[in-house]
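The structure appears below as C-alpha coordinates.
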Amino acid sequence: MCLIAKHNISLSCPNLHWQTEIHKLFSVMTSPRNSSRLRFWPMVAIMYILLCGGPYGIEEIVPQSGPTLAVFGMIFMAIFWGLPNILQTAELASALPLQGGAYSWYRESWGGFWGFQFGWLEWLSWMFDTALYPTLVAAYFTHFLWPDAGYLAVWLMSLSVIWISIWLNIRGLETVAKWSIYMSWFQILPVLCFIILGIRHIDISI
(Lines give C-alpha, C1' and ligand atoms only; values in the text may rest on other atoms or scores of the structure.)
Protein backbone atom coordinates (compact mmCIF):
# COMPACT_ATOMS: atom_id res chain seq x y z
CA MET A 1 0.00 0.00 0.00
CA CYS A 2 1.29 3.44 -0.93
CA LEU A 3 1.52 6.03 1.83
CA ILE A 4 1.34 9.57 0.51
CA ALA A 5 1.98 12.47 2.84
CA LYS A 6 0.71 15.96 2.23
CA HIS A 7 3.99 17.31 0.86
CA ASN A 8 5.93 14.12 0.29
CA ILE A 9 5.56 10.87 -1.61
CA SER A 10 6.71 7.68 0.04
CA LEU A 11 9.51 5.82 -1.71
CA SER A 12 7.58 2.61 -1.10
CA CYS A 13 5.47 3.49 -4.14
CA PRO A 14 8.02 4.18 -6.91
CA ASN A 15 5.54 3.89 -9.79
CA LEU A 16 3.28 6.57 -8.39
CA HIS A 17 6.30 8.70 -7.56
CA TRP A 18 7.61 8.61 -11.11
CA GLN A 19 4.16 9.17 -12.59
CA THR A 20 3.83 12.28 -10.45
CA GLU A 21 7.27 13.55 -11.44
CA ILE A 22 6.60 12.93 -15.13
CA HIS A 23 3.28 14.74 -14.84
CA LYS A 24 5.03 17.73 -13.23
CA LEU A 25 7.65 17.77 -15.98
CA PHE A 26 4.98 17.58 -18.68
CA SER A 27 3.04 20.42 -17.03
CA VAL A 28 6.13 22.63 -17.07
CA MET A 29 6.98 21.76 -20.68
CA THR A 30 3.45 22.34 -21.95
CA SER A 31 2.81 25.50 -20.00
CA PRO A 32 1.95 28.48 -22.25
CA ARG A 33 4.43 30.57 -20.28
CA ASN A 34 7.28 28.35 -21.47
CA SER A 35 6.23 28.12 -25.09
CA SER A 36 8.25 29.75 -27.83
CA ARG A 37 6.31 32.00 -30.14
CA LEU A 38 6.77 32.32 -33.87
CA ARG A 39 6.28 35.43 -35.90
CA PHE A 40 3.91 35.50 -38.84
CA TRP A 41 6.27 34.91 -41.76
CA PRO A 42 8.33 32.18 -40.07
CA MET A 43 5.06 30.41 -39.31
CA VAL A 44 3.97 30.75 -42.95
CA ALA A 45 7.33 29.36 -44.06
CA ILE A 46 7.10 26.35 -41.75
CA MET A 47 3.53 25.66 -42.90
CA TYR A 48 4.66 25.82 -46.52
CA ILE A 49 7.60 23.49 -45.91
CA LEU A 50 5.47 20.94 -44.06
CA LEU A 51 2.29 21.01 -46.14
CA CYS A 52 3.03 22.20 -49.66
CA GLY A 53 5.90 19.97 -50.69
CA GLY A 54 3.63 17.38 -52.24
CA PRO A 55 4.25 13.64 -52.53
CA TYR A 56 7.14 12.23 -54.48
CA GLY A 57 6.12 11.76 -58.11
CA ILE A 58 3.72 14.69 -58.29
CA GLU A 59 5.73 16.03 -61.23
CA GLU A 60 4.11 13.43 -63.52
CA ILE A 61 0.57 14.70 -62.90
CA VAL A 62 0.70 17.40 -65.58
CA PRO A 63 2.14 15.33 -68.48
CA GLN A 64 -0.06 12.32 -67.70
CA SER A 65 -3.41 13.98 -66.96
CA GLY A 66 -3.02 17.35 -68.63
CA PRO A 67 -2.77 20.80 -67.06
CA THR A 68 -6.53 21.26 -66.57
CA LEU A 69 -7.08 18.12 -64.50
CA ALA A 70 -3.82 18.70 -62.64
CA VAL A 71 -4.79 22.23 -61.59
CA PHE A 72 -8.34 21.22 -60.63
CA GLY A 73 -7.00 18.23 -58.71
CA MET A 74 -4.66 20.41 -56.68
CA ILE A 75 -7.43 22.95 -56.03
CA PHE A 76 -9.74 20.11 -54.94
CA MET A 77 -7.14 18.78 -52.50
CA ALA A 78 -6.45 22.27 -51.16
CA ILE A 79 -10.15 22.91 -50.44
CA PHE A 80 -11.33 19.51 -49.23
CA TRP A 81 -8.16 18.27 -47.54
CA GLY A 82 -5.91 21.24 -46.77
CA LEU A 83 -8.53 23.72 -45.58
CA PRO A 84 -10.17 21.37 -43.01
CA ASN A 85 -6.72 20.59 -41.60
CA ILE A 86 -5.94 24.30 -41.32
CA LEU A 87 -9.23 25.05 -39.59
CA GLN A 88 -9.00 22.22 -37.09
CA THR A 89 -5.39 23.07 -36.29
CA ALA A 90 -6.28 26.73 -35.76
CA GLU A 91 -9.19 25.81 -33.49
CA LEU A 92 -7.18 23.36 -31.39
CA ALA A 93 -4.19 25.68 -31.14
CA SER A 94 -6.48 28.46 -29.89
CA ALA A 95 -8.36 26.24 -27.44
CA LEU A 96 -5.28 24.38 -26.15
CA PRO A 97 -2.20 26.59 -26.63
CA LEU A 98 0.21 23.95 -25.35
CA GLN A 99 3.76 23.13 -26.33
CA GLY A 100 3.77 19.78 -28.09
CA GLY A 101 1.11 20.29 -30.74
CA ALA A 102 -1.10 17.35 -31.60
CA TYR A 103 0.44 15.17 -28.90
CA SER A 104 -0.71 17.61 -26.23
CA TRP A 105 -4.18 17.79 -27.77
CA TYR A 106 -4.53 14.01 -27.79
CA ARG A 107 -3.25 13.74 -24.24
CA GLU A 108 -5.64 16.38 -22.95
CA SER A 109 -8.60 14.87 -24.83
CA TRP A 110 -8.11 11.12 -24.48
CA GLY A 111 -5.65 10.69 -21.64
CA GLY A 112 -2.02 9.73 -21.29
CA PHE A 113 -2.32 6.27 -22.87
CA TRP A 114 -3.75 7.44 -26.19
CA GLY A 115 -1.52 10.49 -26.13
CA PHE A 116 1.46 8.16 -25.91
CA GLN A 117 0.08 5.99 -28.73
CA PHE A 118 -0.32 9.02 -30.97
CA GLY A 119 3.14 10.34 -30.14
CA TRP A 120 4.75 6.95 -30.75
CA LEU A 121 2.96 6.36 -34.07
CA GLU A 122 3.64 9.92 -35.21
CA TRP A 123 7.31 9.47 -34.38
CA LEU A 124 7.44 6.21 -36.33
CA SER A 125 5.72 7.72 -39.38
CA TRP A 126 8.06 10.72 -39.41
CA MET A 127 11.07 8.45 -38.94
CA PHE A 128 10.29 6.50 -42.11
CA ASP A 129 9.07 9.57 -44.00
CA THR A 130 12.03 11.82 -43.28
CA ALA A 131 14.46 9.01 -44.07
CA LEU A 132 13.53 9.49 -47.73
CA TYR A 133 14.48 13.14 -48.04
CA PRO A 134 18.28 12.99 -47.69
CA THR A 135 18.31 10.32 -50.40
CA LEU A 136 15.98 12.37 -52.61
CA VAL A 137 18.14 15.48 -52.22
CA ALA A 138 21.22 13.54 -53.23
CA ALA A 139 19.37 11.85 -56.10
CA TYR A 140 18.04 15.12 -57.52
CA PHE A 141 21.39 16.86 -57.11
CA THR A 142 23.37 14.13 -58.83
CA HIS A 143 20.78 13.68 -61.58
CA PHE A 144 20.71 17.33 -62.61
CA LEU A 145 24.08 18.73 -61.53
CA TRP A 146 26.52 15.85 -61.03
CA PRO A 147 25.55 12.80 -63.11
CA ASP A 148 28.97 11.17 -62.70
CA ALA A 149 28.93 11.25 -58.90
CA GLY A 150 30.00 8.02 -57.29
CA TYR A 151 28.37 6.08 -54.49
CA LEU A 152 30.59 7.67 -51.84
CA ALA A 153 29.66 11.20 -52.94
CA VAL A 154 25.94 10.38 -52.82
CA TRP A 155 26.35 8.80 -49.40
CA LEU A 156 28.25 11.81 -48.02
CA MET A 157 25.67 14.18 -49.47
CA SER A 158 22.84 12.30 -47.77
CA LEU A 159 24.77 12.26 -44.51
CA SER A 160 25.37 16.02 -44.76
CA VAL A 161 21.64 16.67 -45.13
CA ILE A 162 20.96 14.57 -42.04
CA TRP A 163 23.54 16.33 -39.88
CA ILE A 164 22.48 19.80 -41.06
CA SER A 165 18.89 18.96 -40.13
CA ILE A 166 20.01 17.71 -36.72
CA TRP A 167 22.01 20.89 -36.14
CA LEU A 168 19.04 23.09 -37.04
CA ASN A 169 16.75 21.23 -34.65
CA ILE A 170 19.28 21.43 -31.84
CA ARG A 171 19.56 25.18 -32.37
CA GLY A 172 15.87 25.56 -31.58
CA LEU A 173 12.60 26.83 -32.96
CA GLU A 174 13.77 30.29 -33.96
CA THR A 175 16.61 28.89 -36.07
CA VAL A 176 14.28 26.40 -37.73
CA ALA A 177 11.82 29.19 -38.49
CA LYS A 178 14.51 31.40 -40.00
CA TRP A 179 15.86 28.62 -42.20
CA SER A 180 12.33 27.65 -43.21
CA ILE A 181 11.98 31.10 -44.79
CA TYR A 182 15.19 30.58 -46.76
CA MET A 183 14.13 27.10 -47.86
CA SER A 184 10.70 28.36 -48.89
CA TRP A 185 12.28 30.91 -51.22
CA PHE A 186 14.70 28.24 -52.42
CA GLN A 187 11.68 26.16 -53.46
CA ILE A 188 9.53 29.00 -54.80
CA LEU A 189 12.12 30.80 -56.94
CA PRO A 190 12.66 27.92 -59.42
CA VAL A 191 8.90 27.62 -59.84
CA LEU A 192 8.62 31.34 -60.57
CA CYS A 193 11.46 31.09 -63.07
CA PHE A 194 9.74 28.22 -64.89
CA ILE A 195 6.47 30.16 -64.95
CA ILE A 196 8.15 33.23 -66.42
CA LEU A 197 10.01 31.16 -69.00
CA GLY A 198 6.89 29.18 -69.87
CA ILE A 199 4.59 32.16 -70.47
CA ARG A 200 5.95 32.68 -73.97
CA HIS A 201 5.18 29.05 -74.84
CA ILE A 202 1.45 29.35 -74.07
CA ASP A 203 -0.65 28.53 -77.11
CA ILE A 204 -4.27 29.56 -76.59
CA SER A 205 -5.27 28.35 -80.05
CA ILE A 206 -5.50 24.73 -78.87
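Chain lettering (A, B, ...) mirrors the order of the C-alpha coordinates, residue numbering begins at 1 for each chain separately, and ligand numbering begins at 1 in order of display.
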Stretch 165-169 of chain A surroundings by only C-alpha atoms, 12 Å radius, close-in-sequence under 2 positions cut, as a ChimeraX atom specification: /A:130-131,133-134,158-163,171-180
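Take atom CA of A:Phe116 and atom CA of A:Tyr103: the distance between them is 7.7 Å.
When atom CA of A:Ile86 is paired with atom CA of A:Ile195, their separation reads 27.3 Å.
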Contact residues around A:Phe186 with only C-alpha atoms at 12 Å, ignoring same-chain residues under 6 positions, as JSON, numbers by chain: {"A": [45, 48, 49, 179, 180, 192, 193]}
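Relative to atom CA of A:Gly101, atom CA of A:Met43 is found at 13.8 Å.
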